[in-house]
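Q: What follows is structure26.cif, mmCIF, C-alpha atoms.
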```
data_protein
#
loop_
_atom_site.group_PDB
_atom_site.id
_atom_site.type_symbol
_atom_site.label_atom_id
_atom_site.label_comp_id
_atom_site.auth_asym_id
_atom_site.auth_seq_id
_atom_site.Cartn_x
_atom_site.Cartn_y
_atom_site.Cartn_z
ATOM 1 C CA MET U 1 112.404 123.824 124.593
ATOM 2 C CA VAL U 2 114.972 122.713 122.041
ATOM 3 C CA LEU U 3 118.560 123.341 123.141
ATOM 4 C CA ARG U 4 121.505 123.128 120.764
ATOM 5 C CA TYR U 5 124.884 123.210 122.488
ATOM 6 C CA LYS U 6 128.586 122.691 121.784
ATOM 7 C CA LEU U 7 130.261 119.395 122.615
ATOM 8 C CA PRO U 8 133.805 119.154 124.024
ATOM 9 C CA PRO U 9 136.684 118.279 121.680
ATOM 10 C CA GLY U 10 136.960 114.606 120.797
ATOM 11 C CA TYR U 11 133.303 113.987 119.916
ATOM 12 C CA SER U 12 132.337 112.803 116.410
ATOM 13 C CA HIS U 13 130.447 116.071 115.786
ATOM 14 C CA PRO U 14 130.824 119.546 117.305
ATOM 15 C CA MET U 15 127.286 120.016 118.637
ATOM 16 C CA THR U 16 124.105 118.214 119.613
ATOM 17 C CA ASP U 17 120.464 118.921 120.541
ATOM 18 C CA VAL U 18 118.115 118.055 123.371
ATOM 19 C CA ILE U 19 114.353 118.652 123.600
ATOM 20 C CA GLY U 20 112.596 118.907 126.937
ATOM 21 C CA ILE U 21 111.432 121.171 129.753
ATOM 22 C CA LEU U 22 113.585 124.142 130.794
ATOM 23 C CA GLU U 23 114.350 123.727 134.506
ATOM 24 C CA GLY U 24 117.101 126.248 135.086
ATOM 25 C CA ALA U 25 118.883 129.253 133.583
ATOM 26 C CA ASP U 26 122.280 129.324 135.365
ATOM 27 C CA PRO U 27 123.489 126.928 134.130
ATOM 28 C CA ILE U 28 120.983 126.172 131.341
ATOM 29 C CA ALA U 29 119.182 122.982 132.414
ATOM 30 C CA VAL U 30 116.781 121.028 130.191
ATOM 31 C CA ARG U 31 115.136 117.772 131.254
ATOM 32 C CA SER U 32 114.465 115.493 128.272
ATOM 33 C CA GLY U 33 111.451 113.220 127.794
ATOM 34 C CA ASP U 34 113.384 110.213 129.123
ATOM 35 C CA GLY U 35 114.127 112.039 132.392
ATOM 36 C CA ARG U 36 117.737 112.929 131.625
ATOM 37 C CA LEU U 37 118.839 116.375 132.884
ATOM 38 C CA VAL U 38 121.200 118.216 130.533
ATOM 39 C CA GLN U 39 123.107 121.161 132.046
ATOM 40 C CA VAL U 40 125.357 123.437 129.994
ATOM 41 C CA SER U 41 127.016 126.768 130.618
ATOM 42 C CA ALA U 42 125.885 129.850 128.714
ATOM 43 C CA ASP U 43 128.996 129.865 126.519
ATOM 44 C CA GLN U 44 128.142 126.368 125.261
ATOM 45 C CA VAL U 45 124.670 127.374 124.032
ATOM 46 C CA ILE U 46 124.250 127.781 120.286
ATOM 47 C CA ALA U 47 120.447 128.107 120.219
ATOM 48 C CA LEU U 48 117.520 127.817 122.628
ATOM 49 C CA LYS U 49 113.969 127.879 121.253
ATOM 50 C CA THR U 50 110.484 127.374 122.652
ATOM 51 C CA LEU U 51 108.272 124.656 121.173
ATOM 52 C CA SER U 52 104.518 125.048 121.534
ATOM 53 C CA ALA U 53 101.945 122.256 121.730
ATOM 54 C CA ARG U 54 98.333 122.657 120.615
ATOM 55 C CA PRO U 55 95.384 120.460 119.589
ATOM 56 C CA ILE U 56 95.386 119.214 115.997
ATOM 57 C CA ARG U 57 92.191 119.871 114.025
ATOM 58 C CA ILE U 58 90.681 117.381 111.585
ATOM 59 C CA GLY U 59 91.274 119.794 108.712
ATOM 60 C CA GLU U 60 94.982 119.919 109.565
ATOM 61 C CA ILE U 61 95.186 116.118 109.429
ATOM 62 C CA ARG U 62 93.495 116.130 106.022
ATOM 63 C CA ASN U 63 95.781 118.896 104.746
ATOM 64 C CA LEU U 64 98.948 117.114 105.863
ATOM 65 C CA GLU U 65 97.792 113.751 104.522
ATOM 66 C CA THR U 66 97.035 115.404 101.170
ATOM 67 C CA ALA U 67 100.549 116.868 101.033
ATOM 68 C CA ALA U 68 102.036 113.516 102.064
ATOM 69 C CA ALA U 69 100.024 111.693 99.377
ATOM 70 C CA ALA U 70 101.435 114.075 96.771
ATOM 71 C CA ALA U 71 104.919 113.116 97.953
ATOM 72 C CA TRP U 72 104.191 109.383 97.641
ATOM 73 C CA PRO U 73 101.449 109.061 94.995
ATOM 74 C CA GLY U 74 102.397 105.736 93.460
ATOM 75 C CA VAL U 75 102.465 105.606 89.671
ATOM 76 C CA GLU U 76 98.703 105.584 89.101
ATOM 77 C CA GLN U 77 95.874 107.309 90.959
ATOM 78 C CA ALA U 78 92.073 107.497 90.910
ATOM 79 C CA TRP U 79 89.288 109.033 93.003
ATOM 80 C CA ILE U 80 86.264 107.010 94.148
ATOM 81 C CA ASP U 81 83.679 108.653 96.441
ATOM 82 C CA GLY U 82 86.219 110.817 98.260
ATOM 83 C CA TRP U 83 88.910 108.114 98.434
ATOM 84 C CA LEU U 84 92.281 108.627 96.772
ATOM 85 C CA LEU U 85 93.405 105.291 95.315
ATOM 86 C CA ARG U 86 97.093 104.743 94.539
ATOM 87 C CA ALA U 87 98.899 101.916 92.787
ATOM 88 C CA GLY U 88 102.667 101.472 92.675
ATOM 89 C CA HIS U 89 103.505 97.961 91.484
ATOM 90 C CA GLY U 90 102.910 96.639 95.025
ATOM 91 C CA PHE U 91 105.898 98.535 96.458
ATOM 92 C CA THR U 92 105.024 99.987 99.913
ATOM 93 C CA GLY U 93 101.631 100.278 101.548
ATOM 94 C CA ARG U 94 101.449 104.031 101.026
ATOM 95 C CA ALA U 95 101.778 103.714 97.248
ATOM 96 C CA ASN U 96 99.219 100.884 97.034
ATOM 97 C CA SER U 97 96.342 101.915 99.249
ATOM 98 C CA ALA U 98 93.153 103.968 99.404
ATOM 99 C CA LEU U 99 93.202 107.131 101.515
ATOM 100 C CA PRO U 100 89.943 108.781 102.744
ATOM 101 C CA LEU U 101 90.646 112.442 102.057
ATOM 102 C CA GLY U 102 87.116 113.512 101.095
ATOM 103 C CA GLY U 103 86.827 117.287 100.971
ATOM 104 C CA ALA U 104 86.778 120.095 103.514
ATOM 105 C CA GLY U 105 83.957 119.429 105.960
ATOM 106 C CA THR U 106 83.121 116.045 104.380
ATOM 107 C CA VAL U 107 84.040 112.410 104.894
ATOM 108 C CA ALA U 108 84.756 109.766 102.300
ATOM 109 C CA GLY U 109 81.855 107.460 101.538
ATOM 110 C CA PHE U 110 82.024 103.778 102.375
ATOM 111 C CA ASP U 111 78.824 102.026 101.411
ATOM 112 C CA ALA U 112 78.700 98.621 99.729
ATOM 113 C CA SER U 113 78.958 100.157 96.272
ATOM 114 C CA THR U 114 82.063 102.157 97.212
ATOM 115 C CA ILE U 115 83.721 99.081 98.715
ATOM 116 C CA GLU U 116 83.084 97.057 95.590
ATOM 117 C CA ARG U 117 84.399 99.775 93.260
ATOM 118 C CA ILE U 118 87.585 100.133 95.335
ATOM 119 C CA ARG U 119 88.053 96.355 95.319
ATOM 120 C CA GLN U 120 87.566 96.270 91.570
ATOM 121 C CA TRP U 121 90.116 99.028 90.970
ATOM 122 C CA PHE U 122 92.827 97.295 92.973
ATOM 123 C CA GLY U 123 91.856 93.881 91.608
ATOM 124 C CA ASP U 124 92.222 95.101 88.031
ATOM 125 C CA ARG U 125 95.858 95.892 88.901
ATOM 126 C CA GLY U 126 96.537 92.607 90.639
ATOM 127 C CA LEU U 127 96.714 94.272 94.062
ATOM 128 C CA PRO U 128 94.977 93.501 97.371
ATOM 129 C CA THR U 129 92.540 96.071 98.731
ATOM 130 C CA LEU U 130 94.335 98.083 101.395
ATOM 131 C CA LEU U 131 93.034 101.151 103.237
ATOM 132 C CA LEU U 132 95.258 103.763 104.891
ATOM 133 C CA LEU U 133 93.188 105.237 107.726
ATOM 134 C CA PRO U 134 94.426 108.389 109.511
ATOM 135 C CA ASP U 135 93.061 109.336 112.916
ATOM 136 C CA ARG U 136 89.580 110.925 112.714
ATOM 137 C CA LEU U 137 89.400 110.599 108.926
ATOM 138 C CA GLY U 138 88.328 106.963 108.810
ATOM 139 C CA THR U 139 87.943 103.739 110.765
ATOM 140 C CA ALA U 140 88.247 100.152 109.621
ATOM 141 C CA PRO U 141 84.969 98.627 108.374
ATOM 142 C CA ASP U 142 83.505 95.738 110.342
ATOM 143 C CA GLY U 143 85.476 92.566 109.794
ATOM 144 C CA TRP U 144 88.587 94.291 108.425
ATOM 145 C CA THR U 145 91.933 93.887 110.212
ATOM 146 C CA SER U 146 93.825 97.005 111.347
ATOM 147 C CA GLU U 147 97.615 96.827 111.678
ATOM 148 C CA LYS U 148 100.936 98.651 111.271
ATOM 149 C CA GLU U 149 100.230 101.714 113.418
ATOM 150 C CA THR U 150 102.310 104.630 112.162
ATOM 151 C CA ILE U 151 103.024 107.984 113.802
ATOM 152 C CA VAL U 152 103.031 111.074 111.599
ATOM 153 C CA MET U 153 105.415 113.577 113.178
ATOM 154 C CA ALA U 154 105.591 117.232 112.164
ATOM 155 C CA ALA U 155 107.672 120.316 112.842
ATOM 156 C CA ASP U 156 107.559 124.024 112.116
ATOM 157 C CA LEU U 157 110.851 124.708 110.344
ATOM 158 C CA GLY U 158 111.002 128.048 112.136
ATOM 159 C CA SER U 159 111.333 126.119 115.416
ATOM 160 C CA VAL U 160 113.841 123.536 114.217
ATOM 161 C CA THR U 161 117.541 124.163 114.753
ATOM 162 C CA LEU U 162 119.054 123.324 111.368
ATOM 163 C CA PRO U 163 122.724 122.553 110.649
ATOM 164 C CA LEU U 164 125.167 125.427 110.433
ATOM 165 C CA GLY U 165 127.554 125.762 107.504
ATOM 166 C CA PRO U 166 127.629 123.801 104.257
ATOM 167 C CA PRO U 167 125.855 120.413 104.074
ATOM 168 C CA VAL U 168 127.774 117.175 104.438
ATOM 169 C CA THR U 169 125.078 115.491 102.336
ATOM 170 C CA SER U 170 125.267 115.183 98.554
ATOM 171 C CA PHE U 171 122.009 115.614 96.615
ATOM 172 C CA ALA U 172 120.710 114.137 93.375
ATOM 173 C CA ASP U 173 117.449 114.268 91.422
ATOM 174 C CA ARG U 174 117.291 110.469 91.215
ATOM 175 C CA PRO U 175 118.621 107.649 93.403
ATOM 176 C CA ASP U 176 121.773 106.021 92.063
ATOM 177 C CA HIS U 177 122.809 102.382 92.473
ATOM 178 C CA ASN U 178 124.525 102.998 95.840
ATOM 179 C CA TRP U 179 121.461 104.816 97.165
ATOM 180 C CA LEU U 180 119.116 102.020 96.101
ATOM 181 C CA SER U 181 121.457 99.338 97.473
ATOM 182 C CA THR U 182 121.543 101.058 100.867
ATOM 183 C CA TYR U 183 117.771 101.493 100.793
ATOM 184 C CA ASP U 184 117.568 97.700 100.334
ATOM 185 C CA ALA U 185 114.020 97.709 98.992
ATOM 186 C CA HIS U 186 112.386 94.418 98.117
ATOM 187 C CA GLY U 187 111.058 94.432 94.572
ATOM 188 C CA ASP U 188 111.971 95.116 90.979
ATOM 189 C CA PRO U 189 114.534 97.984 91.023
ATOM 190 C CA ALA U 190 112.782 99.728 88.127
ATOM 191 C CA TYR U 191 109.451 99.652 90.008
ATOM 192 C CA VAL U 192 111.097 100.831 93.215
ATOM 193 C CA GLU U 193 112.731 103.774 91.465
ATOM 194 C CA ALA U 194 109.460 104.637 89.709
ATOM 195 C CA VAL U 195 107.650 104.914 93.055
ATOM 196 C CA LEU U 196 110.486 106.807 94.739
ATOM 197 C CA THR U 197 110.688 109.420 91.974
ATOM 198 C CA ALA U 198 106.932 109.865 91.560
ATOM 199 C CA VAL U 199 105.994 113.097 93.322
ATOM 200 C CA VAL U 200 103.505 115.880 92.670
ATOM 201 C CA GLY U 201 106.089 118.537 93.477
ATOM 202 C CA SER U 202 109.852 118.060 93.680
ATOM 203 C CA ALA U 203 112.168 115.611 95.415
ATOM 204 C CA THR U 204 115.820 115.124 96.214
ATOM 205 C CA PHE U 205 117.846 112.072 97.213
ATOM 206 C CA GLY U 206 120.537 112.691 99.805
ATOM 207 C CA ALA U 207 123.521 110.560 100.733
ATOM 208 C CA ILE U 208 126.461 110.831 103.120
ATOM 209 C CA GLY U 209 129.575 108.906 102.105
ATOM 210 C CA ASN U 210 131.718 108.359 99.032
ATOM 211 C CA THR U 211 131.837 106.101 95.988
ATOM 212 C CA ASP U 212 133.062 103.197 98.114
ATOM 213 C CA THR U 213 130.972 103.543 101.275
ATOM 214 C CA THR U 214 127.504 104.974 101.860
ATOM 215 C CA LEU U 215 126.954 105.938 105.496
ATOM 216 C CA ALA U 216 123.389 107.221 105.263
ATOM 217 C CA ILE U 217 120.645 108.047 102.784
ATOM 218 C CA GLY U 218 117.354 109.907 102.800
ATOM 219 C CA ARG U 219 114.681 111.307 100.488
ATOM 220 C CA ALA U 220 112.996 114.677 100.828
ATOM 221 C CA ALA U 221 109.873 115.686 98.877
ATOM 222 C CA LEU U 222 108.502 119.209 98.641
ATOM 223 C CA THR U 223 104.708 119.364 98.240
ATOM 224 C CA GLU U 224 101.806 121.661 99.088
ATOM 225 C CA GLY U 225 98.627 121.078 101.070
ATOM 226 C CA PRO U 226 95.143 122.360 100.148
ATOM 227 C CA ASP U 227 95.641 125.262 102.575
ATOM 228 C CA GLY U 228 98.745 126.440 100.683
ATOM 229 C CA LYS U 229 101.177 125.297 103.361
ATOM 230 C CA ARG U 230 104.432 124.005 101.861
ATOM 231 C CA TRP U 231 105.773 120.816 103.409
ATOM 232 C CA VAL U 232 109.037 118.938 103.146
ATOM 233 C CA GLY U 233 108.527 115.237 103.865
ATOM 234 C CA LEU U 234 111.369 112.950 104.892
ATOM 235 C CA THR U 235 111.264 109.312 103.812
ATOM 236 C CA GLY U 236 113.759 106.518 103.245
ATOM 237 C CA ILE U 237 116.030 107.620 106.100
ATOM 238 C CA HIS U 238 118.558 104.845 106.566
ATOM 239 C CA VAL U 239 121.926 104.754 108.339
ATOM 240 C CA ALA U 240 124.245 101.817 107.704
ATOM 241 C CA PRO U 241 124.135 99.580 110.820
ATOM 242 C CA GLU U 242 127.859 99.903 111.550
ATOM 243 C CA HIS U 243 127.591 103.716 111.550
ATOM 244 C CA ARG U 244 124.565 104.179 113.788
ATOM 245 C CA ARG U 245 124.573 106.122 117.074
ATOM 246 C CA HIS U 246 127.232 108.550 115.836
ATOM 247 C CA GLY U 247 124.951 111.462 114.924
ATOM 248 C CA ILE U 248 124.881 110.660 111.197
ATOM 249 C CA GLY U 249 121.094 110.256 111.168
ATOM 250 C CA SER U 250 120.707 113.739 112.629
ATOM 251 C CA LEU U 251 123.134 115.130 110.056
ATOM 252 C CA ILE U 252 121.337 113.803 106.994
ATOM 253 C CA CYS U 253 117.910 114.732 108.367
ATOM 254 C CA GLY U 254 119.140 118.252 109.113
ATOM 255 C CA ASP U 255 120.575 118.666 105.617
ATOM 256 C CA LEU U 256 117.359 117.412 104.000
ATOM 257 C CA LEU U 257 115.307 119.819 106.127
ATOM 258 C CA SER U 258 117.625 122.657 105.132
ATOM 259 C CA TRP U 259 117.101 121.722 101.472
ATOM 260 C CA GLY U 260 113.368 121.932 102.051
ATOM 261 C CA ARG U 261 113.518 125.333 103.702
ATOM 262 C CA GLN U 262 115.803 126.693 100.983
ATOM 263 C CA ASN U 263 113.175 125.591 98.466
ATOM 264 C CA GLY U 264 110.256 127.275 100.204
ATOM 265 C CA ALA U 265 109.035 124.743 102.774
ATOM 266 C CA THR U 266 107.745 126.146 106.049
ATOM 267 C CA HIS U 267 106.869 122.846 107.736
ATOM 268 C CA ALA U 268 108.189 119.291 107.786
ATOM 269 C CA TYR U 269 106.759 115.844 108.431
ATOM 270 C CA LEU U 270 107.777 112.194 108.459
ATOM 271 C CA GLN U 271 106.161 108.833 109.157
ATOM 272 C CA VAL U 272 107.610 106.313 111.594
ATOM 273 C CA SER U 273 106.416 102.973 112.924
ATOM 274 C CA ALA U 274 104.931 103.325 116.405
ATOM 275 C CA GLU U 275 107.215 100.454 117.469
ATOM 276 C CA ASN U 276 110.445 102.170 116.357
ATOM 277 C CA SER U 277 111.356 103.901 119.608
ATOM 278 C CA ALA U 278 114.938 104.666 118.540
ATOM 279 C CA ALA U 279 113.836 106.547 115.417
ATOM 280 C CA ILE U 280 111.109 108.379 117.338
ATOM 281 C CA ALA U 281 113.686 109.572 119.880
ATOM 282 C CA LEU U 282 115.943 110.810 117.067
ATOM 283 C CA TYR U 283 113.128 112.771 115.443
ATOM 284 C CA GLU U 284 112.050 114.252 118.767
ATOM 285 C CA ARG U 285 115.601 115.501 119.301
ATOM 286 C CA LEU U 286 115.372 117.210 115.911
ATOM 287 C CA GLY U 287 112.201 119.030 116.997
ATOM 288 C CA PHE U 288 109.420 116.818 115.601
ATOM 289 C CA VAL U 289 106.282 116.131 117.621
ATOM 290 C CA GLU U 290 103.408 113.731 117.040
ATOM 291 C CA HIS U 291 100.771 115.194 114.715
ATOM 292 C CA HIS U 292 98.489 112.169 114.290
ATOM 293 C CA ARG U 293 98.596 108.459 113.539
ATOM 294 C CA TYR U 294 97.342 106.142 110.844
ATOM 295 C CA ARG U 295 96.808 102.416 110.420
ATOM 296 C CA TYR U 296 96.292 100.057 107.512
ATOM 297 C CA ALA U 297 93.132 97.999 107.147
ATOM 298 C CA THR U 298 93.129 94.826 105.055
ATOM 299 C CA ASP U 299 90.119 93.451 103.209
ATOM 300 C CA PRO U 300 88.847 90.121 104.602
ATOM 301 C CA VAL U 301 87.587 89.233 101.132
ATOM 302 C CA GLY U 302 91.117 89.389 99.724
ATOM 303 C CA GLY U 303 92.568 91.082 96.649
#
```
Spit out the file's structure as structure tokens when you get a sec.
A:
Amino acid sequence: MVLRYKLPPGYSHPMTDVIGILEGADPIAVRSGDGRLVQVSADQVIALKTLSARPIRIGEIRNLETAAAAAWPGVEQAWIDGWLLRAGHGFTGRANSALPLGGAGTVAGFDASTIERIRQWFGDRGLPTLLLLPDRLGTAPDGWTSEKETIVMAADLGSVTLPLGPPVTSFADRPDHNWLSTYDAHGDPAYVEAVLTAVVGSATFGAIGNTDTTLAIGRAALTEGPDGKRWVGLTGIHVAPEHRRHGIGSLICGDLLSWGRQNGATHAYLQVSAENSAAIALYERLGFVEHHRYRYATDPVGG
């Protein structure tokens, strides 16, 4: 269940959420994944929804990865034997890697000829050969090193309790200087902005704060999978260190999800490092669950 309930006066925000197992109805009692029991009276409850868990099919992984690739396509793309190759000036692994999407009911090829053609494509752009390998769509070839395990989390927007009232987040079609400074990306600012704004769909850049202080930022991209499902993907979520643990991360995520739903999205996803337990807990509270994982594989031959 996901329970949204009112907080007493004096808190930094008027309400909060908890996700867990419903253990009682009078008062409402929900036990979260970390074992904490939350009990609230009926008059404190704003919303209470059931979340369902089910097995994820290979086709669903491919569909979501296709939508996610459209949201982060780099600035140049090519197809080689069922692999989607992306180049983005070396900024981020997602924008500079090969993804084995294949086609429905097929797998991407990976014989010696395919390997060499992929190497050549990245080498021509001065980039190392990097593979992004989602669960059940591909495994690292012999001798390649797998690293940076990432969890792809997803949510049905019909089951997510979104913010009530007007957003506290401001939106823009492109990231401004304050947004980029808070994002703190390493690389040429022009290249970074080119990758961030490249999307096969539409995107928005959200920020909470004012001209002097930026509290939090986030990017939302609206794309479509091969099955016609419309996804809103959250990336670049960042809360200034001095403003963390005050509910601001939940606020900007909620506003970005609301933007997605208002623009036709029915589902949402995000990617988070498997080692980032704090972020995972935040996204679980919002209603996200693990969909699948992916890892990067690096070429032992080099770039």
Q: Please produce, as a Markdown table, a per-residue contact table for segment 128-190 of chain U versus segment 80-87 of chain U (criterion: any atom at most 10 Å away, all atoms listed in the file considered), showing the nearest atom pair and its distance in Å to one decimal, sorted by chain then residue number.
A:
```
| residue | atom | partner | partner_atom | distance |
| --- | --- | --- | --- | --- |
| U:Thr129 | CA | U:Leu85 | CA | 9.9 |
| U:Leu130 | CA | U:Leu85 | CA | 9.5 |
| U:Leu131 | CA | U:Leu85 | CA | 8.9 |
| U:Leu132 | CA | U:Leu85 | CA | 9.9 |
```
Q: Pull out every residue that the PyMOL selection byres ((chain U and resi 143) around 12) matches in the shown coordinates and put them as a list in words.
A: Thr139, Ala140, Pro141, Asp142, Trp144, Thr145, Ser146, Ala297, Thr298, Asp299, Pro300, Val301 and Gly302 of chain U
Q: Can you turn the PyMOL selection byres ((chain U and resi 288) around 10) into a concrete residue list for this file, as number ranges by chain?
A: U: 19, 51, 152-157, 159-160, 268-270, 280-287, 289-291
Q: Which is closer to Pro175 of chain U than all the others in U:Thr204, U:Gln39, U:Thr66, U:Ser277, using all atoms listed in the file?
A: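 The shortest atom-to-atom distance to Pro175 of chain U comes from U:Thr204.
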Q: Considering only C-alpha atoms, return as a PyMOL selection string whatever protein or nucleic-acid residues lie within 9 Å of Val195 of chain U, sequence-local ones (same chain, fewer than 4 positions apart) excluded.
A: chain U and resi 72-75+88-89+91-92+95+190-191+199
Q: Rounded to one decimal, what separation in Å do you get between atom CA of Ala68 of chain U and atom CA of Arg230 of chain U?
A: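 Distance between the two atoms: 10.8 Å.
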Q: Export segment 106-125 of chain U of the preceding structure, keeping N, CA, C and O atoms, as a tab-separated table (two decimals), in the first residue's frame.
A:
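The new file part.tsv reads:
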```tsv
chain	number	residue	atom	x	y	z
U	106	THR	N	13.62	-11.16	-30.70
U	106	THR	CA	14.97	-11.38	-31.19
U	106	THR	C	15.98	-10.86	-30.18
U	106	THR	O	15.62	-10.14	-29.25
U	107	VAL	N	17.24	-11.22	-30.37
U	107	VAL	CA	18.31	-10.68	-29.55
U	107	VAL	C	19.32	-10.03	-30.47
U	107	VAL	O	19.43	-10.37	-31.65
U	108	ALA	N	20.06	-9.07	-29.93
U	108	ALA	CA	21.08	-8.40	-30.72
U	108	ALA	C	22.24	-9.36	-30.98
U	108	ALA	O	22.62	-10.14	-30.11
U	109	GLY	N	22.80	-9.29	-32.19
U	109	GLY	CA	23.92	-10.15	-32.52
U	109	GLY	C	25.19	-9.69	-31.83
U	109	GLY	O	25.32	-8.52	-31.46
U	110	PHE	N	26.13	-10.63	-31.64
U	110	PHE	CA	27.40	-10.24	-31.03
U	110	PHE	C	28.51	-11.18	-31.47
U	110	PHE	O	29.25	-11.72	-30.66
U	111	ASP	N	28.65	-11.35	-32.78
U	111	ASP	CA	29.77	-12.14	-33.27
U	111	ASP	C	30.97	-11.23	-33.45
U	111	ASP	O	30.92	-10.03	-33.17
U	112	ALA	N	32.08	-11.79	-33.91
U	112	ALA	CA	33.32	-11.02	-34.03
U	112	ALA	C	33.16	-9.83	-34.95
U	112	ALA	O	33.70	-8.74	-34.70
U	113	SER	N	32.39	-10.01	-36.02
U	113	SER	CA	32.18	-8.91	-36.96
U	113	SER	C	31.41	-7.77	-36.32
U	113	SER	O	31.74	-6.59	-36.50
U	114	THR	N	30.38	-8.11	-35.53
U	114	THR	CA	29.58	-7.08	-34.85
U	114	THR	C	30.45	-6.31	-33.85
U	114	THR	O	30.40	-5.08	-33.78
U	115	ILE	N	31.25	-7.04	-33.08
U	115	ILE	CA	32.13	-6.40	-32.11
U	115	ILE	C	33.04	-5.40	-32.80
U	115	ILE	O	33.21	-4.25	-32.35
U	116	GLU	N	33.64	-5.82	-33.91
U	116	GLU	CA	34.59	-4.95	-34.59
U	116	GLU	C	33.90	-3.72	-35.17
U	116	GLU	O	34.46	-2.61	-35.11
U	117	ARG	N	32.70	-3.87	-35.69
U	117	ARG	CA	31.98	-2.72	-36.25
U	117	ARG	C	31.59	-1.73	-35.16
U	117	ARG	O	31.63	-0.51	-35.35
U	118	ILE	N	31.19	-2.26	-33.99
U	118	ILE	CA	30.85	-1.38	-32.86
U	118	ILE	C	32.09	-0.63	-32.39
U	118	ILE	O	32.06	0.58	-32.15
U	119	ARG	N	33.21	-1.36	-32.26
U	119	ARG	CA	34.47	-0.72	-31.88
U	119	ARG	C	34.84	0.39	-32.86
U	119	ARG	O	35.27	1.47	-32.46
U	120	GLN	N	34.70	0.10	-34.14
U	120	GLN	CA	35.07	1.07	-35.15
U	120	GLN	C	34.23	2.33	-35.05
U	120	GLN	O	34.72	3.46	-35.16
U	121	TRP	N	32.93	2.14	-34.80
U	121	TRP	CA	32.01	3.29	-34.73
U	121	TRP	C	32.40	4.21	-33.57
U	121	TRP	O	32.49	5.42	-33.73
U	122	PHE	N	32.62	3.63	-32.41
U	122	PHE	CA	33.01	4.44	-31.26
U	122	PHE	C	34.41	5.02	-31.46
U	122	PHE	O	34.68	6.17	-31.10
U	123	GLY	N	35.32	4.21	-32.02
U	123	GLY	CA	36.68	4.69	-32.24
U	123	GLY	C	36.73	5.87	-33.18
U	123	GLY	O	37.53	6.80	-32.99
U	124	ASP	N	35.88	5.87	-34.20
U	124	ASP	CA	35.84	6.99	-35.15
U	124	ASP	C	35.44	8.29	-34.46
U	124	ASP	O	35.68	9.38	-34.98
U	125	ARG	N	34.81	8.19	-33.30
U	125	ARG	CA	34.35	9.37	-32.56
U	125	ARG	C	35.21	9.64	-31.33
U	125	ARG	O	34.84	10.44	-30.48
```
